[in-house]
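Q: One structure is given below, represented as structure tokens, and several questions about it will come after.
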Amino acid sequence: MAVLRAKQVTKRFGGLEALRSIDLEVKEHAIQSIIGPNGAGKTTFFNCITGFYNPEEGDILLGDRSITGLSPDRVARLGVARTYQNIRLFKNMTAVENIMVGMEPHMHSNIISSVIRTRAEREEEREALEEALRLLRMMGLAGQGDMLAKNLPYGAQRRLELARALASKPKLLLLDEPTAGMNPKETQEMTDLIRRLRDELGITILLIEHQMRVVMGISELITVLDYGAKIAEGPPSEIQSDPVVIEAYLGRGSYQASVLSH
Amino acid sequence: MSSKTTHIWKKALSNGGIAGALSILISLVGLAEKFGDTNVVKGVVTLGDFFLLLPILLVAYTTLWSNVDVPRPTLVGLSAVTGATAGVMLTLLLALGQLVDLRPMFVNASPALYSQLSRGVVLPLGYLIPPIQGLIAAMISLGIYLLPGRIRSAVIQGILWVVLVGTLRDQILLIELFKTRAISYILKTAIFASSGLSLIGALLLFAIVAGSSYYLAGRKKATTNNLPIQTRKTNRIILLVVIAVALALLPYILGIFYSEILDTTGLFIMMGLGLNIVVGFAGLLDLGYVAFYAIGAYAMGVLTSTGLGLFNLSFWQALPFALLAAWLSGILLGLPVLRMRGDYLAIVTLGFGEIVRLLALSDWLRGVLGGTQGIQSIAQPQIGGFRFNTLQELYYLILLGIALITFIAWRLKDSRLGRSWMAIREDEDVAQAMGINLVITKLLAFSTGALFAGLAGTLGAAKLTSVYPHSMTFIISINVLVLIIIGGMGSIPGVFIGALVLVGLPGLLTEFEDYRLWFYGLVLVFMMLNRPEGLLPEARRKRELHEETSALIAE
């Protein structure tokens, strides 16, 4: 069964077609990737799924429910969480608070219950805090929970952003270049972590990635975008040797295939 | 080495220039001359002198601090250069004033100022006075700097207290407690002169303050936080009780003059706490915030005024409606500006503030809102047979209002809603992508802020028993905003400090009324350069650590 289905999604900015009739299906418990050169429309596609952009044509379904045109907060409440290409944490809030904001879809307290601090509210806050601390430990951030997000080192910020996304207990997790700017060791750790999220928590993952080593190692299915159009789709082994993909990435050339296979 | 040496001398010279420029500024805005007759210590130093020399004292002191590893003779030279340069700049002002009439441009560049600069000495000789004074000021700084640490801070505190008490002589004598014949007699004969402190009084005060500060500094080391938790807890409770009792007695200890200041400051604290939610927590810049105060005050007026005679409700009957009106107006402003950010939001809210003021002023609504004349005979709160009609009595209601608002703001700050507000402040798009409903969350910020200001407005109306459109100006909104910025955006204690510094203090220093905005500007620039996070910056709650400690204790 498919968690996410995009049908003929088209997004235009003025005269520019950022996405042209994209079809994409993400299967339950899958790890799938979208790749493509800069400006191919990968992040635009993420923005269409999360409700940040409203596509001009086509339909996006989460399970059986159409989420096209819903506001981002509605989409988030339906179980889609994301991280950003350039880390976007709440910089002047602590790590714990960042994660607790991520739990928003499951919180029930309101302004009145917070002021008089009802038993249910206190219980909810306590559970949220415990859950936040659990996620901190899971991401290897134990002990850094009270630091302001902006003061955390780069790698920790990436992991915190992931923790925040996980806090909403998403059905579908969208990761926009989760290993950008990381060294090989950190990249390896992140790759393992992504795999664990799927295996242990059963989260379906769709990611945008530039590092071919990561993409090829982790994905079960790869979709290639170029100039807003889907040009190829298939398992890593196929994509690696697909001449259309190689051309889109590197222009006409012969030796580049080896680069892709790295 | 030699390049370093020339560098420090150049630095001293340029610092002297800065001090001189500041002194010239103080002269030309009229601070020096206006307070030329206000004694701090009678016959020794006037407030005008103090203002004139203050930049030199401070700059010379900082010059010394930045040259810690320099031998003493050089230090003497450095401060001499700083002081003399500053003095020479004042001499230049003096000389320029003799050549050209500066008054068309600077109203305060009068003969009186020049004679103050030269201390009345006839001119060719008088040109020497400012450099000499500069030198003396710099040497005082040097003297203080060379004192050992503990004595130094005692001396500085002593001097500050002398200046403060000397300046505030008249205000201190207005304190109710000091009005009893015996105390007033002692104060007037032993400590104060007809203006400022007497020389003996100054020395006495200096000795007491410096002495006790020296003594306390020595004691402090022995008693830091080694006490068992139980004792610390009781100490804290005792402290809270003392504060509560002090707050309760304050208006009667201090008297009417101070009660007026306390009440006004209190109203600004309430508004500050409300705007702090909108701007500090949620990051929604609101420049028309006074509108909500106006709506609260006008609603109270319309509903209770016997002058208008429309409803003739009592204060308590009208209160819920007035608060509802303010709350709804917050939503009313919030709805159209939901999609606006930053500058655009600021402009629209500014417009909203003006619209409300102009509506209150308009002839169109004259029958209801009173137009230019405003509304008079507004009801004052009454409980049983007791009517809150003096400033002292109203103080308690304001205190209660502050306590309530502070409690709500404090509870919300670390709640789900508080986190959502801050998330919006930090990154609106991401906040929404986390599932935060922007419409509801922003409207809650606007309406809660409006509610607080509305409450302040109802109490303000009851305090004056009247409202006027002229008191609902843009500058009040700015005032509230500035006090939040100075106190520390998003910080609840910061609001209190900001209001005390920017509303309470100027209320006390009534002679400085003309310089109030000048002072605001100065403080703002200084704060933005040196402490942009505010006096008491917002501290995020430590939760992970706290959790671990309580887990440890549980074990």
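Residue numbering restarts at 1 for every chain of the structure tokens, chains are lettered A, B, ... in their displayed order, and ligands are numbered from 1 as they appear.
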With a distance threshold of 6 Å and counting only C-alpha atoms, extract the residues of chain A near chain B and express them as a PyMOL selection string.

A: chain A and resi 72-73+76-77+90+102+104-105+115+145-146

Q: Please provide as an MDAnalysis selection string all residues within 12 Å of Met1 in chain A, with the sequence filter that same-chain residues fewer than 6 positions apart are discarded (counting only C-alpha atoms).

A: chainID A and resid 25:30 62:64 204

Q: Give me the residues within 10 Å of Ala32 in chain B as a ChimeraX atom specification, counting only C-alpha atoms and dropping any in the same chain fewer than 6 places off.

A: /B:23-26,46-53,108,113,116-117

Q: Let's have the selection written as a short mmCIF file (atom, residue, chain, number, x, y, z; two decimals), in the first residue's frame, with all heavy atoms.

A:
```
data_model
loop_
_atom_site.label_atom_id
_atom_site.label_comp_id
_atom_site.auth_asym_id
_atom_site.auth_seq_id
_atom_site.Cartn_x
_atom_site.Cartn_y
_atom_site.Cartn_z
N SER B 23 30.83 66.03 26.50
CA SER B 23 30.63 67.18 27.37
C SER B 23 30.02 68.34 26.59
O SER B 23 29.15 69.06 27.09
CB SER B 23 31.96 67.62 27.98
OG SER B 23 32.37 66.68 28.94
N ILE B 24 30.52 68.55 25.35
CA ILE B 24 29.96 69.62 24.51
C ILE B 24 28.49 69.35 24.23
O ILE B 24 27.64 70.25 24.33
CB ILE B 24 30.76 69.73 23.18
CG1 ILE B 24 32.15 70.30 23.48
CG2 ILE B 24 30.02 70.60 22.18
CD1 ILE B 24 33.06 70.36 22.28
N LEU B 25 28.18 68.07 23.93
CA LEU B 25 26.78 67.70 23.69
C LEU B 25 25.93 68.05 24.91
O LEU B 25 24.87 68.69 24.81
CB LEU B 25 26.69 66.20 23.40
CG LEU B 25 25.28 65.64 23.27
CD1 LEU B 25 24.63 66.13 21.99
CD2 LEU B 25 25.28 64.13 23.30
N ILE B 26 26.42 67.65 26.09
CA ILE B 26 25.68 67.92 27.32
C ILE B 26 25.50 69.42 27.54
O ILE B 26 24.44 69.89 27.95
CB ILE B 26 26.39 67.23 28.51
CG1 ILE B 26 26.10 65.73 28.44
CG2 ILE B 26 25.95 67.81 29.83
CD1 ILE B 26 26.90 64.90 29.40
N THR B 46 27.62 71.23 41.74
CA THR B 46 26.23 71.26 41.30
C THR B 46 26.01 70.10 40.33
O THR B 46 26.95 69.50 39.82
CB THR B 46 25.89 72.57 40.57
OG1 THR B 46 26.58 72.57 39.31
CG2 THR B 46 26.28 73.78 41.38
N LEU B 47 24.74 69.82 40.09
CA LEU B 47 24.40 68.74 39.18
C LEU B 47 24.90 69.05 37.77
O LEU B 47 25.35 68.17 37.04
CB LEU B 47 22.88 68.53 39.18
CG LEU B 47 22.37 67.24 38.57
CD1 LEU B 47 23.02 66.06 39.23
CD2 LEU B 47 20.86 67.16 38.67
N GLY B 48 24.86 70.35 37.42
CA GLY B 48 25.37 70.78 36.12
C GLY B 48 26.85 70.43 35.97
O GLY B 48 27.28 69.88 34.96
N ASP B 49 27.63 70.75 37.01
CA ASP B 49 29.06 70.40 36.98
C ASP B 49 29.23 68.90 36.80
O ASP B 49 30.06 68.43 36.02
CB ASP B 49 29.75 70.78 38.31
CG ASP B 49 29.73 72.27 38.54
OD1 ASP B 49 29.71 73.00 37.53
OD2 ASP B 49 29.72 72.68 39.72
N PHE B 50 28.42 68.17 37.55
CA PHE B 50 28.54 66.72 37.52
C PHE B 50 28.28 66.19 36.10
O PHE B 50 29.05 65.38 35.59
CB PHE B 50 27.56 66.09 38.51
CG PHE B 50 27.61 64.61 38.56
CD1 PHE B 50 28.69 63.95 39.12
CD2 PHE B 50 26.60 63.85 38.00
CE1 PHE B 50 28.75 62.58 39.15
CE2 PHE B 50 26.65 62.47 38.01
CZ PHE B 50 27.74 61.83 38.59
N PHE B 51 27.22 66.70 35.47
CA PHE B 51 26.93 66.26 34.10
C PHE B 51 28.07 66.60 33.16
O PHE B 51 28.44 65.82 32.28
CB PHE B 51 25.64 66.91 33.59
CG PHE B 51 24.41 66.25 34.12
CD1 PHE B 51 23.34 66.99 34.55
CD2 PHE B 51 24.33 64.87 34.18
CE1 PHE B 51 22.19 66.39 35.04
CE2 PHE B 51 23.19 64.25 34.65
CZ PHE B 51 22.13 65.01 35.09
N LEU B 52 28.62 67.79 33.35
CA LEU B 52 29.69 68.25 32.46
C LEU B 52 30.93 67.38 32.60
O LEU B 52 31.60 67.06 31.63
CB LEU B 52 30.02 69.70 32.84
CG LEU B 52 30.60 70.61 31.77
CD1 LEU B 52 29.70 70.64 30.56
CD2 LEU B 52 30.76 72.02 32.35
N LEU B 53 31.20 66.97 33.82
CA LEU B 53 32.43 66.22 34.07
C LEU B 53 32.23 64.70 33.97
O LEU B 53 33.20 63.96 33.85
CB LEU B 53 32.99 66.57 35.45
CG LEU B 53 33.44 68.03 35.57
CD1 LEU B 53 34.01 68.29 36.96
CD2 LEU B 53 34.49 68.38 34.52
N ASN B 108 20.85 76.80 23.70
CA ASN B 108 21.43 76.80 25.04
C ASN B 108 22.84 77.38 25.10
O ASN B 108 23.43 77.44 26.17
CB ASN B 108 21.45 75.38 25.59
CG ASN B 108 20.05 74.84 25.77
OD1 ASN B 108 19.26 75.41 26.50
ND2 ASN B 108 19.73 73.78 25.05
N LEU B 113 25.95 79.78 29.91
CA LEU B 113 26.70 78.54 29.73
C LEU B 113 28.20 78.83 29.72
O LEU B 113 28.98 78.13 30.37
CB LEU B 113 26.30 77.85 28.42
CG LEU B 113 27.13 76.63 28.04
CD1 LEU B 113 26.83 75.46 28.97
CD2 LEU B 113 26.90 76.22 26.60
N GLN B 116 29.52 79.49 32.95
CA GLN B 116 29.60 78.26 33.74
C GLN B 116 30.84 77.47 33.35
O GLN B 116 31.54 76.92 34.20
CB GLN B 116 28.35 77.43 33.52
CG GLN B 116 28.25 76.29 34.52
CD GLN B 116 27.22 75.27 34.14
OE1 GLN B 116 26.60 75.37 33.07
NE2 GLN B 116 27.02 74.30 34.98
N LEU B 117 31.11 77.42 32.04
CA LEU B 117 32.28 76.66 31.57
C LEU B 117 33.57 77.26 32.13
O LEU B 117 34.50 76.54 32.47
CB LEU B 117 32.33 76.65 30.04
CG LEU B 117 31.31 75.76 29.33
CD1 LEU B 117 31.43 75.90 27.82
CD2 LEU B 117 31.50 74.31 29.73
#
```

Q: For a test of reading the model, state the distance in Å between CA of Val45 in chain B and CA of Gly507 in chain B, rounded to one decimal.

A: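 The value is 24.1 Å.
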
Q: Would you mind reading off the distance between CA of Gln98 in chain B and CA of Val122 in chain B, one decimal, in Å?

A: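 Separation of CA of Gln98 in chain B and CA of Val122 in chain B: 12.5 Å.
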
Q: Which is closer to Val44 in chain B than all the others in B:Ala202, B:Leu173, B:Val29, B:Leu535, using only C-alpha atoms?

A: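 Between B:Ala202, B:Leu173, B:Val29, B:Leu535, the residue approaching Val44 in chain B most closely is B:Ala202.
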
Q: One decimal, in Å: what's the spacing between CA of Val482 in chain B and CA of Leu168 in chain B?

A: 24.9 Å

Q: Enumerate as a PyMOL selection string all residues of range 226-413 of chain B assigned to strand (DSSP E) by DSSP on the backbone, naming them with the chain letters and numbers the document uses.

A: chain B and resi 382-383+386-387

Q: Those residues with N, CA and C atoms, as a PDB file, in the first residue's frame please?

A:
```pdb
ATOM      1  N   GLN B 382     -15.473  50.077  43.841  1.00  0.00           N
ATOM      2  CA  GLN B 382     -16.024  50.133  45.181  1.00  0.00           C
ATOM      3  C   GLN B 382     -16.259  48.703  45.656  1.00  0.00           C
ATOM      4  N   ILE B 383     -15.814  48.397  46.866  1.00  0.00           N
ATOM      5  CA  ILE B 383     -16.120  47.065  47.406  1.00  0.00           C
ATOM      6  C   ILE B 383     -16.866  47.285  48.704  1.00  0.00           C
ATOM      7  N   PHE B 386     -16.487  50.489  50.728  1.00  0.00           N
ATOM      8  CA  PHE B 386     -15.181  51.100  50.537  1.00  0.00           C
ATOM      9  C   PHE B 386     -14.953  51.488  49.085  1.00  0.00           C
ATOM     10  N   ARG B 387     -14.580  52.754  48.892  1.00  0.00           N
ATOM     11  CA  ARG B 387     -14.353  53.209  47.531  1.00  0.00           C
ATOM     12  C   ARG B 387     -12.865  53.457  47.316  1.00  0.00           C
TER      13      ARG B 387
END
```

Q: Just the residues within 12 Å of Gly401 in chain B, please, counting only C-alpha atoms, with nothing from its chain fewer than 6 positions along; format it as a PDB file with all heavy atoms, in the first residue's frame.

A:
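Here's the written file result.pdb:
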```pdb
ATOM      1  N   ASP B 263       1.654  54.180  40.675  1.00  0.00           N
ATOM      2  CA  ASP B 263       0.475  53.800  39.894  1.00  0.00           C
ATOM      3  C   ASP B 263       0.767  53.846  38.404  1.00  0.00           C
ATOM      4  O   ASP B 263       0.447  52.917  37.664  1.00  0.00           O
ATOM      5  CB  ASP B 263      -0.702  54.731  40.231  1.00  0.00           C
ATOM      6  CG  ASP B 263      -1.275  54.436  41.610  1.00  0.00           C
ATOM      7  OD1 ASP B 263      -0.734  53.537  42.274  1.00  0.00           O
ATOM      8  OD2 ASP B 263      -2.249  55.084  42.005  1.00  0.00           O
ATOM      9  N   GLY B 266       3.001  51.139  37.451  1.00  0.00           N
ATOM     10  CA  GLY B 266       2.236  49.893  37.481  1.00  0.00           C
ATOM     11  C   GLY B 266       1.426  49.701  36.213  1.00  0.00           C
ATOM     12  O   GLY B 266       1.396  48.602  35.648  1.00  0.00           O
ATOM     13  N   LEU B 267       0.771  50.756  35.761  1.00  0.00           N
ATOM     14  CA  LEU B 267      -0.010  50.644  34.529  1.00  0.00           C
ATOM     15  C   LEU B 267       0.897  50.306  33.350  1.00  0.00           C
ATOM     16  O   LEU B 267       0.539  49.519  32.474  1.00  0.00           O
ATOM     17  CB  LEU B 267      -0.770  51.951  34.255  1.00  0.00           C
ATOM     18  CG  LEU B 267      -1.870  52.292  35.264  1.00  0.00           C
ATOM     19  CD1 LEU B 267      -2.494  53.640  34.947  1.00  0.00           C
ATOM     20  CD2 LEU B 267      -2.933  51.209  35.278  1.00  0.00           C
ATOM     21  N   PHE B 268       2.078  50.908  33.339  1.00  0.00           N
ATOM     22  CA  PHE B 268       3.017  50.602  32.253  1.00  0.00           C
ATOM     23  C   PHE B 268       3.544  49.172  32.358  1.00  0.00           C
ATOM     24  O   PHE B 268       3.799  48.532  31.349  1.00  0.00           O
ATOM     25  CB  PHE B 268       4.183  51.604  32.240  1.00  0.00           C
ATOM     26  CG  PHE B 268       3.900  52.809  31.387  1.00  0.00           C
ATOM     27  CD1 PHE B 268       3.333  53.945  31.926  1.00  0.00           C
ATOM     28  CD2 PHE B 268       4.168  52.787  30.027  1.00  0.00           C
ATOM     29  CE1 PHE B 268       3.049  55.045  31.141  1.00  0.00           C
ATOM     30  CE2 PHE B 268       3.890  53.881  29.227  1.00  0.00           C
ATOM     31  CZ  PHE B 268       3.331  55.018  29.785  1.00  0.00           C
ATOM     32  N   ILE B 269       3.698  48.680  33.586  1.00  0.00           N
ATOM     33  CA  ILE B 269       4.125  47.285  33.744  1.00  0.00           C
ATOM     34  C   ILE B 269       3.064  46.361  33.148  1.00  0.00           C
ATOM     35  O   ILE B 269       3.371  45.404  32.422  1.00  0.00           O
ATOM     36  CB  ILE B 269       4.373  46.942  35.227  1.00  0.00           C
ATOM     37  CG1 ILE B 269       5.633  47.650  35.724  1.00  0.00           C
ATOM     38  CG2 ILE B 269       4.509  45.432  35.420  1.00  0.00           C
ATOM     39  CD1 ILE B 269       5.911  47.450  37.201  1.00  0.00           C
ATOM     40  N   MET B 270       1.791  46.675  33.433  1.00  0.00           N
ATOM     41  CA  MET B 270       0.714  45.835  32.892  1.00  0.00           C
ATOM     42  C   MET B 270       0.741  45.859  31.362  1.00  0.00           C
ATOM     43  O   MET B 270       0.641  44.818  30.709  1.00  0.00           O
ATOM     44  CB  MET B 270      -0.646  46.321  33.407  1.00  0.00           C
ATOM     45  CG  MET B 270      -0.830  46.077  34.887  1.00  0.00           C
ATOM     46  SD  MET B 270      -2.213  47.010  35.559  1.00  0.00           S
ATOM     47  CE  MET B 270      -3.511  45.856  35.294  1.00  0.00           C
ATOM     48  N   MET B 271       0.868  47.054  30.804  1.00  0.00           N
ATOM     49  CA  MET B 271       0.937  47.140  29.341  1.00  0.00           C
ATOM     50  C   MET B 271       2.184  46.436  28.817  1.00  0.00           C
ATOM     51  O   MET B 271       2.143  45.747  27.798  1.00  0.00           O
ATOM     52  CB  MET B 271       0.957  48.605  28.907  1.00  0.00           C
ATOM     53  CG  MET B 271      -0.397  49.262  28.954  1.00  0.00           C
ATOM     54  SD  MET B 271      -0.397  50.790  28.002  1.00  0.00           S
ATOM     55  CE  MET B 271       0.218  51.921  29.210  1.00  0.00           C
ATOM     56  N   LEU B 273       3.762  43.918  30.107  1.00  0.00           N
ATOM     57  CA  LEU B 273       3.602  42.460  30.141  1.00  0.00           C
ATOM     58  C   LEU B 273       2.731  41.994  28.982  1.00  0.00           C
ATOM     59  O   LEU B 273       2.956  40.926  28.404  1.00  0.00           O
ATOM     60  CB  LEU B 273       2.986  42.033  31.471  1.00  0.00           C
ATOM     61  CG  LEU B 273       3.928  42.113  32.672  1.00  0.00           C
ATOM     62  CD1 LEU B 273       3.151  41.976  33.969  1.00  0.00           C
ATOM     63  CD2 LEU B 273       5.004  41.036  32.584  1.00  0.00           C
ATOM     64  N   GLY B 274       1.742  42.803  28.615  1.00  0.00           N
ATOM     65  CA  GLY B 274       0.885  42.442  27.488  1.00  0.00           C
ATOM     66  C   GLY B 274       1.621  42.534  26.167  1.00  0.00           C
ATOM     67  O   GLY B 274       1.591  41.594  25.367  1.00  0.00           O
ATOM     68  N   LEU B 394      -5.939  52.975  45.015  1.00  0.00           N
ATOM     69  CA  LEU B 394      -5.933  52.358  43.691  1.00  0.00           C
ATOM     70  C   LEU B 394      -4.679  51.530  43.452  1.00  0.00           C
ATOM     71  O   LEU B 394      -4.681  50.571  42.689  1.00  0.00           O
ATOM     72  CB  LEU B 394      -6.047  53.429  42.607  1.00  0.00           C
ATOM     73  CG  LEU B 394      -7.477  53.899  42.366  1.00  0.00           C
ATOM     74  CD1 LEU B 394      -7.488  55.190  41.597  1.00  0.00           C
ATOM     75  CD2 LEU B 394      -8.253  52.825  41.621  1.00  0.00           C
ATOM     76  N   TYR B 395      -3.617  51.922  44.146  1.00  0.00           N
ATOM     77  CA  TYR B 395      -2.360  51.189  44.044  1.00  0.00           C
ATOM     78  C   TYR B 395      -2.574  49.694  44.280  1.00  0.00           C
ATOM     79  O   TYR B 395      -2.020  48.861  43.574  1.00  0.00           O
ATOM     80  CB  TYR B 395      -1.378  51.775  45.064  1.00  0.00           C
ATOM     81  CG  TYR B 395      -0.172  50.920  45.370  1.00  0.00           C
ATOM     82  CD1 TYR B 395       0.985  51.032  44.603  1.00  0.00           C
ATOM     83  CD2 TYR B 395      -0.175  50.022  46.435  1.00  0.00           C
ATOM     84  CE1 TYR B 395       2.098  50.264  44.893  1.00  0.00           C
ATOM     85  CE2 TYR B 395       0.933  49.249  46.727  1.00  0.00           C
ATOM     86  CZ  TYR B 395       2.062  49.366  45.958  1.00  0.00           C
ATOM     87  OH  TYR B 395       3.148  48.610  46.244  1.00  0.00           O
ATOM     88  N   PHE B 407       1.225  36.404  36.677  1.00  0.00           N
ATOM     89  CA  PHE B 407       0.979  34.972  36.858  1.00  0.00           C
ATOM     90  C   PHE B 407       0.591  34.323  35.529  1.00  0.00           C
ATOM     91  O   PHE B 407       1.140  33.286  35.141  1.00  0.00           O
ATOM     92  CB  PHE B 407      -0.137  34.777  37.896  1.00  0.00           C
ATOM     93  CG  PHE B 407      -0.492  33.350  38.131  1.00  0.00           C
ATOM     94  CD1 PHE B 407       0.332  32.528  38.875  1.00  0.00           C
ATOM     95  CD2 PHE B 407      -1.653  32.814  37.588  1.00  0.00           C
ATOM     96  CE1 PHE B 407       0.006  31.203  39.093  1.00  0.00           C
ATOM     97  CE2 PHE B 407      -1.986  31.490  37.795  1.00  0.00           C
ATOM     98  CZ  PHE B 407      -1.149  30.682  38.545  1.00  0.00           C
ATOM     99  N   ILE B 408      -0.339  34.943  34.806  1.00  0.00           N
ATOM    100  CA  ILE B 408      -0.790  34.376  33.528  1.00  0.00           C
ATOM    101  C   ILE B 408       0.373  34.316  32.536  1.00  0.00           C
ATOM    102  O   ILE B 408       0.613  33.286  31.900  1.00  0.00           O
ATOM    103  CB  ILE B 408      -1.953  35.209  32.949  1.00  0.00           C
ATOM    104  CG1 ILE B 408      -3.169  35.108  33.872  1.00  0.00           C
ATOM    105  CG2 ILE B 408      -2.313  34.737  31.549  1.00  0.00           C
ATOM    106  CD1 ILE B 408      -4.325  35.986  33.458  1.00  0.00           C
ATOM    107  N   LEU B 451      -5.989  42.207  25.990  1.00  0.00           N
ATOM    108  CA  LEU B 451      -6.713  42.053  27.249  1.00  0.00           C
ATOM    109  C   LEU B 451      -5.940  42.705  28.396  1.00  0.00           C
ATOM    110  O   LEU B 451      -6.505  43.436  29.217  1.00  0.00           O
ATOM    111  CB  LEU B 451      -6.912  40.562  27.526  1.00  0.00           C
ATOM    112  CG  LEU B 451      -7.796  40.186  28.695  1.00  0.00           C
ATOM    113  CD1 LEU B 451      -9.230  40.560  28.392  1.00  0.00           C
ATOM    114  CD2 LEU B 451      -7.691  38.706  28.974  1.00  0.00           C
ATOM    115  N   PHE B 452      -4.634  42.456  28.439  1.00  0.00           N
ATOM    116  CA  PHE B 452      -3.804  43.030  29.502  1.00  0.00           C
ATOM    117  C   PHE B 452      -3.816  44.552  29.426  1.00  0.00           C
ATOM    118  O   PHE B 452      -3.964  45.241  30.434  1.00  0.00           O
ATOM    119  CB  PHE B 452      -2.362  42.507  29.410  1.00  0.00           C
ATOM    120  CG  PHE B 452      -2.216  41.050  29.747  1.00  0.00           C
ATOM    121  CD1 PHE B 452      -3.316  40.280  30.100  1.00  0.00           C
ATOM    122  CD2 PHE B 452      -0.963  40.440  29.713  1.00  0.00           C
ATOM    123  CE1 PHE B 452      -3.179  38.938  30.412  1.00  0.00           C
ATOM    124  CE2 PHE B 452      -0.812  39.098  30.025  1.00  0.00           C
ATOM    125  CZ  PHE B 452      -1.916  38.348  30.366  1.00  0.00           C
ATOM    126  N   ALA B 453      -3.638  45.087  28.209  1.00  0.00           N
ATOM    127  CA  ALA B 453      -3.643  46.538  28.060  1.00  0.00           C
ATOM    128  C   ALA B 453      -5.019  47.089  28.392  1.00  0.00           C
ATOM    129  O   ALA B 453      -5.142  48.173  28.977  1.00  0.00           O
ATOM    130  CB  ALA B 453      -3.260  46.919  26.636  1.00  0.00           C
ATOM    131  N   GLY B 454      -6.067  46.331  28.033  1.00  0.00           N
ATOM    132  CA  GLY B 454      -7.416  46.775  28.342  1.00  0.00           C
ATOM    133  C   GLY B 454      -7.630  46.888  29.849  1.00  0.00           C
ATOM    134  O   GLY B 454      -8.210  47.861  30.332  1.00  0.00           O
ATOM    135  N   LEU B 455      -7.115  45.904  30.592  1.00  0.00           N
ATOM    136  CA  LEU B 455      -7.218  45.955  32.047  1.00  0.00           C
ATOM    137  C   LEU B 455      -6.490  47.180  32.588  1.00  0.00           C
ATOM    138  O   LEU B 455      -7.005  47.901  33.453  1.00  0.00           O
ATOM    139  CB  LEU B 455      -6.645  44.668  32.656  1.00  0.00           C
ATOM    140  CG  LEU B 455      -6.696  44.563  34.174  1.00  0.00           C
ATOM    141  CD1 LEU B 455      -8.127  44.634  34.667  1.00  0.00           C
ATOM    142  CD2 LEU B 455      -6.045  43.273  34.654  1.00  0.00           C
ATOM    143  N   ALA B 456      -5.296  47.423  32.050  1.00  0.00           N
ATOM    144  CA  ALA B 456      -4.557  48.622  32.445  1.00  0.00           C
ATOM    145  C   ALA B 456      -5.399  49.862  32.141  1.00  0.00           C
ATOM    146  O   ALA B 456      -5.454  50.798  32.947  1.00  0.00           O
ATOM    147  CB  ALA B 456      -3.213  48.688  31.721  1.00  0.00           C
ATOM    148  N   GLY B 457      -6.064  49.856  30.988  1.00  0.00           N
ATOM    149  CA  GLY B 457      -6.880  51.002  30.592  1.00  0.00           C
ATOM    150  C   GLY B 457      -8.030  51.256  31.554  1.00  0.00           C
ATOM    151  O   GLY B 457      -8.283  52.398  31.946  1.00  0.00           O
ATOM    152  N   THR B 458      -8.704  50.192  31.978  1.00  0.00           N
ATOM    153  CA  THR B 458      -9.832  50.389  32.895  1.00  0.00           C
ATOM    154  C   THR B 458      -9.335  50.973  34.219  1.00  0.00           C
ATOM    155  O   THR B 458      -9.956  51.877  34.775  1.00  0.00           O
ATOM    156  CB  THR B 458     -10.555  49.059  33.195  1.00  0.00           C
ATOM    157  OG1 THR B 458      -9.610  48.138  33.731  1.00  0.00           O
ATOM    158  CG2 THR B 458     -11.172  48.472  31.947  1.00  0.00           C
ATOM    159  N   LEU B 459      -8.192  50.479  34.697  1.00  0.00           N
ATOM    160  CA  LEU B 459      -7.667  50.998  35.959  1.00  0.00           C
ATOM    161  C   LEU B 459      -7.160  52.429  35.785  1.00  0.00           C
ATOM    162  O   LEU B 459      -7.307  53.262  36.679  1.00  0.00           O
ATOM    163  CB  LEU B 459      -6.546  50.088  36.477  1.00  0.00           C
ATOM    164  CG  LEU B 459      -7.025  48.730  36.999  1.00  0.00           C
ATOM    165  CD1 LEU B 459      -5.861  47.810  37.270  1.00  0.00           C
ATOM    166  CD2 LEU B 459      -7.842  48.925  38.265  1.00  0.00           C
ATOM    167  N   GLY B 460      -6.567  52.688  34.601  1.00  0.00           N
ATOM    168  CA  GLY B 460      -6.101  54.047  34.316  1.00  0.00           C
ATOM    169  C   GLY B 460      -7.264  55.021  34.297  1.00  0.00           C
ATOM    170  O   GLY B 460      -7.171  56.142  34.812  1.00  0.00           O
TER     171      GLY B 460
END
```

Q: Considering only helix (DSSP H, G or I) as DSSP defines it on the backbone, what residues of range 124-261 of chain A qualify? List them as a PyMOL selection string.

A: chain A and resi 124-138+149-151+154-166+184-201+212-218+236-241+243-250+256-261

Q: For Gly69 in chain A, which residue out of A:Val9, A:Ile34, A:Asn86, A:Ile111 is the nearest one, using only C-alpha atoms?

A: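 Closest candidate: A:Val9.
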
Q: Using only C-alpha atoms, which protein or nucleic acid residues come within 10 Å of Ile132 in chain B? Drop anything in the same chain fewer than 6 positions from it, and give the result as a list of chain:residue names.

A: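 Answer for this query is B:Ala80, B:Gly83, B:Ala84, B:Gly87, B:Val88, B:Ala138.
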
Q: Please provide the set of residues having any atom within 6 Å of Gly228 in chain A, restricted to only C-alpha atoms, with same-chain residues fewer than 6 positions apart removed, written as number ranges by chain.

A: A: 18-20, 40-41
